[in-house]
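Q: Got a file for you: my_file.cif, mmCIF, C-alpha atoms.
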data_query
#
loop_
_atom_site.group_PDB
_atom_site.id
_atom_site.type_symbol
_atom_site.label_atom_id
_atom_site.label_comp_id
_atom_site.auth_asym_id
_atom_site.auth_seq_id
_atom_site.Cartn_x
_atom_site.Cartn_y
_atom_site.Cartn_z
ATOM 1 C CA MET A 1 0.000 0.000 0.000
ATOM 2 C CA ARG A 2 1.279 3.438 -0.885
ATOM 3 C CA GLU A 3 1.779 6.066 1.750
ATOM 4 C CA THR A 4 -0.923 8.716 1.697
ATOM 5 C CA LYS A 5 0.560 12.191 1.336
ATOM 6 C CA TYR A 6 -0.999 15.620 1.429
ATOM 7 C CA SER A 7 1.074 18.488 0.188
ATOM 8 C CA LYS A 8 0.748 22.220 -0.104
ATOM 9 C CA GLY A 9 2.978 24.644 -1.863
ATOM 10 C CA GLY A 10 5.635 26.572 -0.051
ATOM 11 C CA ASP A 11 4.953 30.071 -1.322
ATOM 12 C CA SER A 12 2.646 32.664 0.183
ATOM 13 C CA GLY A 13 -0.185 31.701 -2.162
ATOM 14 C CA GLY A 14 -0.037 28.050 -1.181
ATOM 15 C CA LEU A 15 1.110 26.998 -4.646
ATOM 16 C CA ARG A 16 3.485 24.133 -5.237
ATOM 17 C CA GLN A 17 6.472 25.312 -7.235
ATOM 18 C CA THR A 18 7.659 23.313 -10.240
ATOM 19 C CA THR A 19 11.174 23.585 -11.573
ATOM 20 C CA GLY A 20 11.560 24.751 -15.125
ATOM 21 C CA LYS A 21 9.061 24.782 -17.950
ATOM 22 C CA PHE A 22 6.616 21.910 -18.287
ATOM 23 C CA GLU A 23 7.698 19.663 -21.144
ATOM 24 C CA ILE A 24 5.359 17.376 -23.064
ATOM 25 C CA PRO A 25 6.343 13.715 -22.594
ATOM 26 C CA ALA A 26 7.728 11.922 -25.626
ATOM 27 C CA GLU A 27 5.630 9.898 -28.056
ATOM 28 C CA GLY A 28 2.596 12.112 -28.252
ATOM 29 C CA GLY A 29 2.326 13.405 -24.708
ATOM 30 C CA VAL A 30 0.032 12.365 -21.895
ATOM 31 C CA SER A 31 -3.034 10.150 -22.207
ATOM 32 C CA ILE A 32 -5.881 12.207 -20.764
ATOM 33 C CA SER A 33 -9.661 12.328 -20.563
ATOM 34 C CA VAL A 34 -11.257 15.695 -19.768
ATOM 35 C CA PHE A 35 -14.901 15.854 -18.833
ATOM 36 C CA PHE A 36 -17.468 18.474 -17.925
ATOM 37 C CA PRO A 37 -20.548 17.750 -15.789
ATOM 38 C CA CYS A 38 -23.322 20.074 -16.970
ATOM 39 C CA TYR A 39 -26.815 20.909 -15.838
ATOM 40 C CA ASN A 40 -28.600 23.710 -17.688
ATOM 41 C CA GLU A 41 -25.384 25.282 -18.979
ATOM 42 C CA GLN A 42 -26.509 26.177 -22.491
ATOM 43 C CA ASP A 43 -24.793 29.570 -22.305
ATOM 44 C CA ASN A 44 -21.528 28.167 -20.975
ATOM 45 C CA VAL A 45 -20.907 24.675 -22.327
ATOM 46 C CA GLY A 46 -19.906 25.737 -25.849
ATOM 47 C CA ARG A 47 -17.121 28.135 -24.910
ATOM 48 C CA THR A 48 -15.934 25.884 -22.065
ATOM 49 C CA VAL A 49 -15.520 22.855 -24.320
ATOM 50 C CA GLU A 50 -14.011 24.885 -27.147
ATOM 51 C CA GLN A 51 -11.411 26.224 -24.726
ATOM 52 C CA ALA A 52 -10.494 22.653 -23.775
ATOM 53 C CA LEU A 53 -10.207 21.717 -27.438
ATOM 54 C CA SER A 54 -7.745 24.558 -27.961
ATOM 55 C CA VAL A 55 -5.565 23.559 -24.987
ATOM 56 C CA LEU A 56 -5.459 19.770 -25.205
ATOM 57 C CA PRO A 57 -3.768 19.390 -28.626
ATOM 58 C CA GLN A 58 -0.813 21.304 -27.189
ATOM 59 C CA LEU A 59 -0.454 18.657 -24.479
ATOM 60 C CA SER A 60 -1.172 15.406 -26.202
ATOM 61 C CA SER A 61 -2.284 13.515 -29.267
ATOM 62 C CA ASP A 62 -4.070 11.029 -27.005
ATOM 63 C CA TYR A 63 -6.977 12.905 -25.476
ATOM 64 C CA GLU A 64 -10.761 12.923 -25.352
ATOM 65 C CA VAL A 65 -13.399 15.363 -24.137
ATOM 66 C CA ILE A 66 -16.600 14.139 -22.484
ATOM 67 C CA ILE A 67 -19.677 16.240 -21.807
ATOM 68 C CA VAL A 68 -22.039 14.815 -19.193
ATOM 69 C CA ASP A 69 -25.481 16.308 -19.647
ATOM 70 C CA ASP A 70 -27.221 15.653 -16.333
ATOM 71 C CA GLY A 71 -30.816 15.829 -17.521
ATOM 72 C CA SER A 72 -30.686 19.481 -18.569
ATOM 73 C CA THR A 73 -34.033 21.069 -19.404
ATOM 74 C CA ASP A 74 -32.500 23.758 -21.608
ATOM 75 C CA ALA A 75 -30.486 23.349 -24.819
ATOM 76 C CA THR A 76 -27.319 22.009 -23.136
ATOM 77 C CA GLY A 77 -27.794 18.506 -24.526
ATOM 78 C CA GLN A 78 -28.415 19.678 -28.085
ATOM 79 C CA ILE A 79 -25.407 22.000 -28.015
ATOM 80 C CA ALA A 80 -23.246 19.184 -26.668
ATOM 81 C CA ASP A 81 -24.398 16.833 -29.427
ATOM 82 C CA LYS A 82 -23.664 19.470 -32.059
ATOM 83 C CA ILE A 83 -20.111 19.916 -30.732
ATOM 84 C CA ALA A 84 -19.586 16.138 -30.774
ATOM 85 C CA SER A 85 -20.894 15.882 -34.341
ATOM 86 C CA ARG A 86 -18.177 18.314 -35.446
ATOM 87 C CA ASN A 87 -15.301 16.772 -33.513
ATOM 88 C CA SER A 88 -14.628 13.042 -33.120
ATOM 89 C CA ARG A 89 -12.626 13.716 -29.951
ATOM 90 C CA VAL A 90 -15.817 14.758 -28.149
ATOM 91 C CA LYS A 91 -18.462 12.403 -26.819
ATOM 92 C CA VAL A 92 -21.615 13.096 -24.847
ATOM 93 C CA VAL A 93 -23.233 11.177 -22.004
ATOM 94 C CA HIS A 94 -26.900 12.009 -21.488
ATOM 95 C CA HIS A 95 -28.944 11.450 -18.327
ATOM 96 C CA GLN A 96 -32.623 11.345 -19.196
ATOM 97 C CA THR A 97 -33.431 13.095 -15.917
ATOM 98 C CA ASN A 98 -31.392 15.149 -13.461
ATOM 99 C CA LEU A 99 -29.652 12.555 -11.277
ATOM 100 C CA GLY A 100 -27.389 14.869 -9.273
ATOM 101 C CA TYR A 101 -23.809 16.093 -9.306
ATOM 102 C CA GLY A 102 -22.352 12.870 -7.953
ATOM 103 C CA ALA A 103 -24.121 10.822 -10.609
ATOM 104 C CA ALA A 104 -22.763 13.173 -13.290
ATOM 105 C CA LEU A 105 -19.206 12.713 -12.023
ATOM 106 C CA GLN A 106 -19.635 8.957 -11.820
ATOM 107 C CA SER A 107 -20.783 8.896 -15.455
ATOM 108 C CA GLY A 108 -17.773 10.957 -16.464
ATOM 109 C CA PHE A 109 -15.318 8.653 -14.726
ATOM 110 C CA LYS A 110 -16.980 5.577 -16.248
ATOM 111 C CA ALA A 111 -16.862 7.062 -19.733
ATOM 112 C CA ALA A 112 -13.186 8.065 -19.460
ATOM 113 C CA THR A 113 -10.753 5.748 -21.259
ATOM 114 C CA LYS A 114 -7.370 7.477 -20.868
ATOM 115 C CA GLU A 115 -4.679 7.086 -18.196
ATOM 116 C CA LEU A 116 -5.394 10.433 -16.545
ATOM 117 C CA VAL A 117 -8.834 11.882 -15.869
ATOM 118 C CA PHE A 118 -9.464 15.576 -15.312
ATOM 119 C CA TYR A 119 -12.784 17.239 -14.653
ATOM 120 C CA THR A 120 -14.065 20.722 -14.143
ATOM 121 C CA ASP A 121 -17.587 22.108 -14.213
ATOM 122 C CA GLY A 122 -19.201 23.275 -17.422
ATOM 123 C CA ASP A 123 -20.040 26.684 -15.963
ATOM 124 C CA GLY A 124 -16.797 28.349 -17.039
ATOM 125 C CA GLN A 125 -15.668 29.463 -13.560
ATOM 126 C CA PHE A 126 -12.241 27.888 -14.054
ATOM 127 C CA ASP A 127 -9.636 28.370 -16.760
ATOM 128 C CA ILE A 128 -8.515 25.106 -18.333
ATOM 129 C CA ASN A 129 -5.243 26.806 -19.249
ATOM 130 C CA GLU A 130 -4.341 26.050 -15.626
ATOM 131 C CA LEU A 131 -4.487 22.308 -16.341
ATOM 132 C CA PRO A 132 -0.980 21.909 -17.886
ATOM 133 C CA PRO A 133 0.909 22.843 -14.662
ATOM 134 C CA LEU A 134 -0.917 20.011 -12.870
ATOM 135 C CA LEU A 135 0.534 17.307 -15.082
ATOM 136 C CA PRO A 136 4.121 17.288 -13.688
ATOM 137 C CA LEU A 137 2.651 16.814 -10.197
ATOM 138 C CA MET A 138 1.363 13.396 -11.245
ATOM 139 C CA ASP A 139 4.935 12.102 -11.179
ATOM 140 C CA LYS A 140 4.747 12.074 -7.376
ATOM 141 C CA ALA A 141 1.027 11.878 -6.662
ATOM 142 C CA ASP A 142 -2.081 10.013 -7.758
ATOM 143 C CA ILE A 143 -4.495 12.937 -7.341
ATOM 144 C CA VAL A 144 -4.121 16.693 -7.740
ATOM 145 C CA SER A 145 -6.904 18.286 -5.707
ATOM 146 C CA CYS A 146 -6.976 22.006 -6.393
ATOM 147 C CA TYR A 147 -8.233 24.820 -4.210
ATOM 148 C CA ARG A 148 -9.811 28.109 -5.262
ATOM 149 C CA LEU A 149 -7.802 31.316 -5.068
ATOM 150 C CA ASN A 150 -10.001 34.349 -4.369
ATOM 151 C CA ARG A 151 -13.181 32.326 -4.630
ATOM 152 C CA GLN A 152 -15.862 34.207 -6.564
ATOM 153 C CA ASP A 153 -18.945 33.178 -4.596
ATOM 154 C CA SER A 154 -21.257 34.694 -2.009
ATOM 155 C CA ILE A 155 -20.160 34.887 1.614
ATOM 156 C CA PHE A 156 -22.779 32.252 2.453
ATOM 157 C CA ARG A 157 -21.299 29.764 -0.006
ATOM 158 C CA LYS A 158 -17.769 30.509 1.225
ATOM 159 C CA ILE A 159 -18.704 29.920 4.874
ATOM 160 C CA ASN A 160 -20.670 26.808 4.003
ATOM 161 C CA ALA A 161 -17.742 25.406 1.990
ATOM 162 C CA TRP A 162 -15.220 26.192 4.739
ATOM 163 C CA CYS A 163 -17.318 24.449 7.394
ATOM 164 C CA TRP A 164 -17.958 21.469 5.126
ATOM 165 C CA THR A 165 -14.273 21.017 4.320
ATOM 166 C CA LYS A 166 -13.289 21.274 7.987
ATOM 167 C CA LEU A 167 -15.930 18.719 8.983
ATOM 168 C CA VAL A 168 -14.928 16.215 6.292
ATOM 169 C CA CYS A 169 -11.245 16.549 7.131
ATOM 170 C CA PHE A 170 -11.975 16.129 10.844
ATOM 171 C CA LEU A 171 -14.085 13.012 10.328
ATOM 172 C CA PHE A 172 -11.677 11.296 7.945
ATOM 173 C CA GLY A 173 -8.300 12.597 9.057
ATOM 174 C CA MET A 174 -7.469 14.427 5.843
ATOM 175 C CA LYS A 175 -5.706 17.732 5.192
ATOM 176 C CA VAL A 176 -7.428 19.065 2.089
ATOM 177 C CA ARG A 177 -7.963 22.803 1.652
ATOM 178 C CA ASP A 178 -10.985 22.792 -0.629
ATOM 179 C CA ILE A 179 -12.855 19.482 -0.798
ATOM 180 C CA ASP A 180 -15.379 20.503 -3.459
ATOM 181 C CA CYS A 181 -13.165 22.497 -5.806
ATOM 182 C CA ALA A 182 -14.197 21.338 -9.278
ATOM 183 C CA PHE A 183 -10.692 21.265 -10.717
ATOM 184 C CA LYS A 184 -9.155 17.859 -10.078
ATOM 185 C CA LEU A 185 -6.823 15.473 -11.871
ATOM 186 C CA TYR A 186 -6.744 11.729 -11.174
ATOM 187 C CA LYS A 187 -4.998 8.591 -12.310
ATOM 188 C CA ARG A 188 -7.845 6.578 -13.790
ATOM 189 C CA GLU A 189 -6.699 3.365 -12.096
ATOM 190 C CA ILE A 190 -8.088 4.785 -8.841
ATOM 191 C CA PHE A 191 -11.623 4.185 -10.045
ATOM 192 C CA ASN A 192 -10.905 0.502 -10.552
ATOM 193 C CA SER A 193 -10.095 0.278 -6.836
ATOM 194 C CA ILE A 194 -12.917 2.212 -5.209
ATOM 195 C CA LYS A 195 -16.682 1.883 -5.458
ATOM 196 C CA LEU A 196 -18.639 5.121 -5.482
ATOM 197 C CA SER A 197 -22.180 5.457 -4.179
ATOM 198 C CA SER A 198 -22.896 9.173 -3.840
ATOM 199 C CA SER A 199 -25.133 10.739 -6.454
ATOM 200 C CA GLY A 200 -25.073 14.168 -4.804
ATOM 201 C CA ALA A 201 -22.709 16.788 -3.430
ATOM 202 C CA LEU A 202 -20.762 14.314 -1.270
ATOM 203 C CA ILE A 203 -19.028 12.854 -4.312
ATOM 204 C CA ASP A 204 -15.718 14.758 -3.993
ATOM 205 C CA ALA A 205 -15.403 13.897 -0.311
ATOM 206 C CA GLU A 206 -16.211 10.259 -1.043
ATOM 207 C CA ILE A 207 -13.575 9.968 -3.765
ATOM 208 C CA LEU A 208 -10.805 11.620 -1.740
ATOM 209 C CA THR A 209 -11.670 9.690 1.419
ATOM 210 C CA LYS A 210 -11.855 6.286 -0.215
ATOM 211 C CA ALA A 211 -8.780 6.911 -2.349
ATOM 212 C CA SER A 212 -6.708 8.029 0.645
ATOM 213 C CA HIS A 213 -7.806 4.987 2.637
ATOM 214 C CA LYS A 214 -6.621 2.820 -0.264
ATOM 215 C CA GLY A 215 -3.221 4.487 -0.014
ATOM 216 C CA TYR A 216 -3.392 6.804 -3.013
ATOM 217 C CA SER A 217 -1.460 10.035 -2.582
ATOM 218 C CA ILE A 218 -2.965 13.510 -2.863
ATOM 219 C CA THR A 219 -1.197 16.769 -3.638
ATOM 220 C CA GLN A 220 -2.751 20.225 -3.876
ATOM 221 C CA LYS A 221 -2.414 23.352 -5.990
ATOM 222 C CA GLY A 222 -4.186 26.689 -6.121
ATOM 223 C CA VAL A 223 -6.123 27.720 -9.216
ATOM 224 C CA HIS A 224 -7.995 30.903 -10.028
ATOM 225 C CA HIS A 225 -11.759 31.104 -9.728
ATOM 226 C CA TYR A 226 -13.873 33.411 -11.864
ATOM 227 C CA PRO A 227 -17.386 34.820 -11.558
ATOM 228 C CA ARG A 228 -20.171 32.940 -13.269
ATOM 229 C CA ILE A 229 -21.250 34.989 -16.266
ATOM 230 C CA ALA A 230 -24.318 32.966 -17.267
ATOM 231 C CA GLY A 231 -26.701 30.428 -15.788
ATOM 232 C CA SER A 232 -27.387 29.828 -12.113
ATOM 233 C CA GLN A 233 -25.835 27.775 -9.323
ATOM 234 C CA THR A 234 -27.688 24.864 -7.727
ATOM 235 C CA GLY A 235 -25.272 23.519 -5.126
ATOM 236 C CA ALA A 236 -26.418 25.729 -2.230
ATOM 237 C CA LYS A 237 -30.053 24.620 -2.244
ATOM 238 C CA PRO A 238 -31.170 23.363 1.204
ATOM 239 C CA LYS A 239 -32.186 19.941 -0.121
ATOM 240 C CA VAL A 240 -28.754 19.521 -1.731
ATOM 241 C CA ILE A 241 -27.011 20.428 1.540
ATOM 242 C CA PHE A 242 -29.266 18.143 3.609
ATOM 243 C CA ARG A 243 -28.650 15.262 1.233
ATOM 244 C CA ALA A 244 -24.885 15.797 1.429
ATOM 245 C CA PHE A 245 -24.889 15.641 5.238
ATOM 246 C CA LYS A 246 -27.042 12.519 5.186
ATOM 247 C CA GLU A 247 -24.637 10.827 2.769
ATOM 248 C CA LEU A 248 -21.625 12.071 4.760
ATOM 249 C CA PHE A 249 -22.539 10.248 7.952
ATOM 250 C CA LYS A 250 -23.440 7.155 5.978
ATOM 251 C CA LEU A 251 -19.954 7.281 4.446
ATOM 252 C CA TYR A 252 -18.409 7.780 7.882
ATOM 253 C CA LYS A 253 -20.074 4.620 9.175
ATOM 254 C CA GLN A 254 -18.963 2.714 6.090
ATOM 255 C CA ILE A 255 -15.321 3.819 6.412
ATOM 256 C CA LYS A 256 -15.329 2.929 10.115
ATOM 257 C CA LEU A 257 -16.596 -0.565 9.328
ATOM 258 C CA ASP A 258 -13.888 -1.043 6.709
ATOM 259 C CA THR A 259 -11.016 -0.013 9.014
#
For the file at hand, write its structure as structure tokens.

A:
Amino acid sequence: MRETKYSKGGDSGGLRQTTGKFEIPAEGGVSISVFFPCYNEQDNVGRTVEQALSVLPQLSSDYEVIIVDDGSTDATGQIADKIASRNSRVKVVHHQTNLGYGAALQSGFKAATKELVFYTDGDGQFDINELPPLLPLMDKADIVSCYRLNRQDSIFRKINAWCWTKLVCFLFGMKVRDIDCAFKLYKREIFNSIKLSSSGALIDAEILTKASHKGYSITQKGVHHYPRIAGSQTGAKPKVIFRAFKELFKLYKQIKLDT
């Protein structure tokens, strides 16, 4: 079993420093799947995916982009299908109804076929140009779990996220700065070793907890967070929060039984 490691950068911003310029590995670069969970993101999904398609060819010749349409009631699904029809690197997973954020992530991980799997939300609040600096960190870690710099959310969401992260870390003995930051890079083999059950907001905590208990190593890096320019957030709804807490204590009992 590998030793579980949590690392933060040494500079004032909490960023891990890398030495020199990132160089693309030989023979076509990395093997990477990038996916976007989307729910009613018709005004964001197009530019978000197009940005990924401009960045990824610079990193690799072995890449794919996956759009997970989680039962959107707007034109997200149709836009996603149109993008896929124009580019063979893009595929779309459709949920007939809205199954929840965790279910969307699970579908993305199942659809991914490459050695590395990266995901970020389809709302455009992150810049995928910050993906390349994560790749060298995979030489010494199995997961890069990012944290938001200058988070562009309401004070309520910031307080809620801080309390949630502290609670999860306390319960499971982790040292992660931003549990739910939707900018993470994984080795795909992890998902052959853990079984996921959360279909809601607990999903990030479940993955990190189960992976760390299996001995997979986690490192961390700060990334910039930008205001949402279209669409609306759903994660702070009371029923979503209640469901996450319910699933959290169920996960806690499960982990305790397994240790």

Q: I need the output of the PyMOL selection byres ((chain A and resi 90) around 10) for this file as a VMD selection string; which residues are they?

A: chain A and resid 34 to 35 49 53 63 to 67 80 to 89 91 to 92

Q: Can you tell me, as number ranges by chain, what residues are no more than 9 Å from Ser72 in chain A when counting all atoms listed in the file, ignoring any on the same chain fewer than 2 positions away?

A: A: 38-42, 69-70, 74-77, 94-98

Q: Given the PyMOL selection byres ((chain A and resi 109-122) around 6) and the file above, list the residues it selects as a PyMOL selection string.

A: chain A and resi 31-38+45+106-108+123-124+182-188

Q: Report the residues retrieved by the PyMOL selection byres ((chain A and resi 142-158) around 8) from the displayed file, expressed as number ranges by chain.

A: A: 134, 137-138, 140-141, 159-162, 176-179, 181-187, 216-227, 236

Q: Rounded to one decimal, what separation in Å do you get between CA of Pro133 in chain A and CA of Ser60 in chain A?

A: 13.9 Å

Q: Enumerate, as a ChimeraX atom specification, the protein, DNA and RNA residues whose atoms approach (-7.7, 15.1, 4.3) to within 9 Å, taking into account only C-alpha atoms and the coordinate frame of the file.

A: /A:6,165,168-170,172-177,179,208-209,212,218
